[in-house]
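Peer 1: Starting off with a structure, shown below.
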Amino acid sequence: RQLCPRGDTEAPRTLVLIGDSHARAWIPAFDEIAATAGWRTFYLVKSQCTAAHVTVAPLDEERPFTACDDFQDWVQEQVAELEPDVAVVASSPPVNGVFVGEEHYEGIEEVATVLDEGYRDLFADLQADADRVVLMRDVPKNPDDPGTCLSEFDRSLSRCMFEPQERSRYLGDVAVAAARGSGAEVVDPTPWLCYEGVCPVVIGGTLSYRDTDHITAEYAASLAGPLGRAMGLIGD
């Protein structure tokens, strides 16, 4: 099975994006960065498959997501072969808990402990093969679907703003702490999505979220400049 590069496919610099559907949501931004700044990109992403080296449960199923375990192993093999200049990790926390052996854990403290170890394993593996490893902090999660609010007759944009869901924020902190403790870099997109603890679902006339926790392709593309500069992928 041969990987298909995107961006500037002849560029001498390689970037690999790793994660779940939250990583996939950032592809429009990385496509823009790659095309304008000369990066060859590979997107190694799988929905519901948290990037950290943990065994998760599929959405709405209480069983180990073995296909995710296999995917994580495959990703590591690809990174080892590519030896990228930059490996970027973008991933949501496990939405349906984690497995340790046959035990399924859903409590936030238990998940946090397993997730911390899984991220440290991931960063150690990536640092063996990539020149730089960067974690993109997960985007704030809306407790409610923005489409529902925006479609109600008596709602305004100000009434559809949200405060980030606490569980997602807490587990996002776990990933950040693991990255910093491992020597990986961290880029936080929260300032591009929220201000003083509240997050609008329309920014500058563009819908920022397509559901509770995925940014829209249009808004991701609009962040190519800020994201590329924050990561040092493009010049000022």
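Here, A, B, ... name the chains of the structure tokens in the order displayed, residue numbers run from 1 inside each chain, and ligands are numbered from 1 in the same displayed order.
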Counting only C-alpha atoms, what is within 9 Å of Ser21 in chain A, bar same-chain residues fewer than 2 positions away, as a tab-separated table (two decimals) with C-alpha atoms, in the first residue's frame?

Peer 2:
```tsv
chain	number	residue	atom	x	y	z
A	19	GLY	CA	-4.81	11.71	14.62
A	23	ALA	CA	-6.87	16.00	12.72
A	24	ARG	CA	-8.77	15.52	9.47
A	25	ALA	CA	-10.67	18.75	10.15
A	26	TRP	CA	-7.35	20.66	9.97
A	45	VAL	CA	-5.90	9.90	10.21
A	46	LYS	CA	-8.71	7.57	11.26
A	47	SER	CA	-12.07	8.58	12.73
A	48	GLN	CA	-12.70	7.74	16.41
A	49	CYS	CA	-9.08	6.59	16.72
A	50	THR	CA	-7.33	8.71	19.34
A	90	ALA	CA	-4.21	16.50	16.55
A	91	SER	CA	-6.71	14.33	18.36
A	92	SER	CA	-9.78	14.35	20.54
A	214	HIS	CA	-15.29	19.66	14.55
```

Peer 1: For range 135-149 of chain A, work out the shell of residues within 7 Å, counting only C-alpha atoms and skipping chain neighbours fewer than 2 positions away, then give it as a PyMOL selection string.

Peer 2: chain A and resi 88-92+133+151-152+155+160+162-165+168-169+172+176+179+184-190+201+211-213

Peer 1: Give the answer as one residue: which of A:Thr113, A:Thr66, A:Thr14, A:Ser156 has the shortest atom-to-atom distance to Arg132 in chain A, using only C-alpha atoms?

Peer 2: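 Nearest to Arg132 in chain A: A:Thr14.
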
Peer 1: So which one's closest to Leu207 in chain A, A:Asp173, A:Ala178, A:Ala80, A:Leu157? Using only C-alpha atoms, please.

Peer 2: A:Leu157

Peer 1: Got a sec to tell me which of chain A DSSP assigns to alpha helix (DSSP H), as a ChimeraX atom specification?

Peer 2: /A:21-24,27-37,66-82,108-127,146-151,166-182,217-222,224-230

Peer 1: At what distance in Å, to one decimal, does CA of Leu17 in chain A lie from CA of Pro84 in chain A?

Peer 2: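 Atom-to-atom, CA of Pro84 in chain A to CA of Leu17 in chain A, that is 10.1 Å.
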
Peer 1: As a compact mmCIF listing (two decimals) with N, CA, C and O atoms, in the first residue's frame, list the residues of range 38-226 of chain A assigned to strand (DSSP E) by DSSP on the backbone atoms of this structure.

Peer 2:
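Listing of selection-v2.txt after writing:
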```txt
# COMPACT_ATOMS: atom_id res chain seq x y z
N ARG A 40 5.70 18.90 1.55
CA ARG A 40 5.07 17.64 1.14
C ARG A 40 4.36 17.10 2.37
O ARG A 40 4.95 16.96 3.45
N THR A 41 3.07 16.78 2.25
CA THR A 41 2.29 16.39 3.41
C THR A 41 1.68 15.00 3.26
O THR A 41 1.34 14.57 2.15
N PHE A 42 1.55 14.34 4.39
CA PHE A 42 0.87 13.05 4.46
C PHE A 42 -0.10 13.12 5.64
O PHE A 42 0.28 13.55 6.74
N TYR A 43 -1.32 12.66 5.42
CA TYR A 43 -2.35 12.73 6.45
C TYR A 43 -2.72 11.31 6.89
O TYR A 43 -3.38 10.56 6.16
N LEU A 44 -2.28 10.94 8.07
CA LEU A 44 -2.49 9.59 8.60
C LEU A 44 -3.54 9.68 9.70
O LEU A 44 -3.24 9.81 10.88
N VAL A 45 -4.80 9.64 9.28
CA VAL A 45 -5.90 9.90 10.21
C VAL A 45 -6.97 8.82 10.10
O VAL A 45 -7.19 8.26 9.02
N THR A 55 -5.87 1.91 23.98
CA THR A 55 -6.94 1.16 23.34
C THR A 55 -8.26 1.80 23.72
O THR A 55 -8.61 1.89 24.89
N VAL A 56 -8.98 2.27 22.73
CA VAL A 56 -10.24 2.95 22.96
C VAL A 56 -11.42 2.04 22.61
O VAL A 56 -11.24 0.98 22.02
N VAL A 86 8.56 17.32 10.28
CA VAL A 86 7.61 17.68 11.33
C VAL A 86 6.52 16.62 11.41
O VAL A 86 5.96 16.22 10.39
N ALA A 87 6.23 16.16 12.62
CA ALA A 87 5.08 15.30 12.88
C ALA A 87 4.11 16.07 13.76
O ALA A 87 4.48 16.51 14.85
N VAL A 88 2.90 16.26 13.26
CA VAL A 88 1.88 17.01 13.98
C VAL A 88 0.81 16.05 14.48
O VAL A 88 0.32 15.22 13.72
N VAL A 89 0.45 16.19 15.74
CA VAL A 89 -0.58 15.35 16.36
C VAL A 89 -1.78 16.23 16.67
O VAL A 89 -1.66 17.29 17.31
N ALA A 90 -2.96 15.81 16.23
CA ALA A 90 -4.21 16.50 16.55
C ALA A 90 -5.26 15.44 16.80
O ALA A 90 -5.54 14.62 15.93
N VAL A 98 -11.55 4.02 27.75
CA VAL A 98 -10.36 3.28 27.31
C VAL A 98 -10.39 1.88 27.91
O VAL A 98 -11.05 1.63 28.92
N PHE A 99 -9.65 0.99 27.28
CA PHE A 99 -9.48 -0.37 27.79
C PHE A 99 -8.05 -0.57 28.25
O PHE A 99 -7.10 -0.13 27.61
N VAL A 100 -7.91 -1.23 29.39
CA VAL A 100 -6.63 -1.75 29.84
C VAL A 100 -6.84 -3.24 30.04
O VAL A 100 -7.51 -3.66 30.99
N GLU A 103 -10.47 -4.59 31.03
CA GLU A 103 -11.19 -3.61 31.84
C GLU A 103 -11.48 -2.35 31.02
O GLU A 103 -10.59 -1.78 30.39
N HIS A 104 -12.74 -1.92 31.08
CA HIS A 104 -13.17 -0.72 30.37
C HIS A 104 -13.33 0.40 31.39
O HIS A 104 -14.11 0.30 32.34
N TYR A 105 -12.57 1.49 31.21
CA TYR A 105 -12.61 2.62 32.13
C TYR A 105 -13.22 3.84 31.44
O TYR A 105 -12.81 4.20 30.34
N ARG A 132 10.94 17.27 14.36
CA ARG A 132 10.12 18.03 15.31
C ARG A 132 8.80 17.30 15.53
O ARG A 132 8.24 16.72 14.60
N VAL A 133 8.28 17.37 16.76
CA VAL A 133 6.97 16.82 17.08
C VAL A 133 6.14 17.94 17.70
O VAL A 133 6.58 18.60 18.65
N VAL A 134 4.96 18.15 17.15
CA VAL A 134 4.09 19.24 17.59
C VAL A 134 2.71 18.70 17.92
O VAL A 134 2.10 18.00 17.11
N LEU A 135 2.22 19.01 19.09
CA LEU A 135 0.84 18.71 19.45
C LEU A 135 -0.03 19.93 19.21
O LEU A 135 0.29 21.02 19.69
N MET A 136 -1.10 19.75 18.46
CA MET A 136 -2.13 20.78 18.38
C MET A 136 -3.15 20.47 19.48
O MET A 136 -3.79 19.41 19.44
N GLU A 185 6.53 20.13 21.13
CA GLU A 185 6.00 21.50 21.07
C GLU A 185 4.47 21.46 21.17
O GLU A 185 3.84 20.44 20.86
N VAL A 186 3.88 22.57 21.57
CA VAL A 186 2.42 22.66 21.69
C VAL A 186 1.94 23.93 21.00
O VAL A 186 2.49 25.02 21.22
N VAL A 187 0.92 23.80 20.17
CA VAL A 187 0.23 24.94 19.57
C VAL A 187 -1.23 24.87 20.01
O VAL A 187 -1.88 23.83 19.86
N VAL A 202 -19.97 31.47 14.86
CA VAL A 202 -19.76 32.20 13.61
C VAL A 202 -18.70 33.25 13.89
O VAL A 202 -18.84 34.04 14.81
N ILE A 203 -17.62 33.24 13.09
CA ILE A 203 -16.52 34.17 13.29
C ILE A 203 -16.23 34.85 11.96
O ILE A 203 -15.90 34.19 10.97
N THR A 206 -18.03 33.48 9.00
CA THR A 206 -17.80 32.07 8.68
C THR A 206 -18.23 31.18 9.83
O THR A 206 -17.90 31.46 10.99
N LEU A 207 -18.97 30.13 9.53
CA LEU A 207 -19.35 29.16 10.54
C LEU A 207 -18.10 28.45 11.01
O LEU A 207 -17.38 27.85 10.20
```

Peer 1: Determine, using only C-alpha atoms, which residues of range 42-76 of chain A have any atom at most 12 Å from an atom of range 116-126 of chain A, and tabulate each with its shortest atom pair and distance in Å to one decimal place, rows ordered by chain and then rising number, as a Markdown table.

Peer 2:
```
| residue | atom | partner | partner_atom | distance |
| --- | --- | --- | --- | --- |
| A:Thr50 | CA | A:Tyr119 | CA | 9.7 |
| A:Ala51 | CA | A:Leu122 | CA | 7.6 |
| A:Ala52 | CA | A:Tyr119 | CA | 4.5 |
| A:His53 | CA | A:Gly118 | CA | 4.3 |
| A:Val54 | CA | A:Gly118 | CA | 5.2 |
| A:Thr55 | CA | A:Gly118 | CA | 9.0 |
| A:Val56 | CA | A:Gly118 | CA | 11.0 |
| A:Asp69 | CA | A:Gly118 | CA | 11.8 |
| A:Gln72 | CA | A:Leu122 | CA | 9.2 |
| A:Asp73 | CA | A:Leu122 | CA | 10.4 |
| A:Val75 | CA | A:Leu126 | CA | 9.9 |
| A:Gln76 | CA | A:Asp125 | CA | 7.4 |
```

Peer 1: Measure the distance from CA of Ala175 in chain A to CA of Ala220 in chain A in Å and round it to one decimal.

Peer 2: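 Value for the CA of Ala175 in chain A-CA of Ala220 in chain A distance: 21.3 Å.
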
Peer 1: Using only C-alpha atoms, can you tell me which of A:Met161, A:Ala112, A:Phe65, A:Cys4 comes closest to Glu196 in chain A?

Peer 2: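 Ranking A:Met161, A:Ala112, A:Phe65, A:Cys4 by distance to Glu196 in chain A, first place goes to A:Met161.
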
Peer 1: What separation in Å, quoted to one decimal, exists between CA of Asn96 in chain A and CA of Cys199 in chain A?

Peer 2: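 Distance reported for this atom pair: 24.6 Å.
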
Peer 1: Counting only C-alpha atoms, which residue out of A:Ile33, A:Leu3, A:Leu15, A:Val111 sits closest to Trp74 in chain A?

Peer 2: A:Leu3
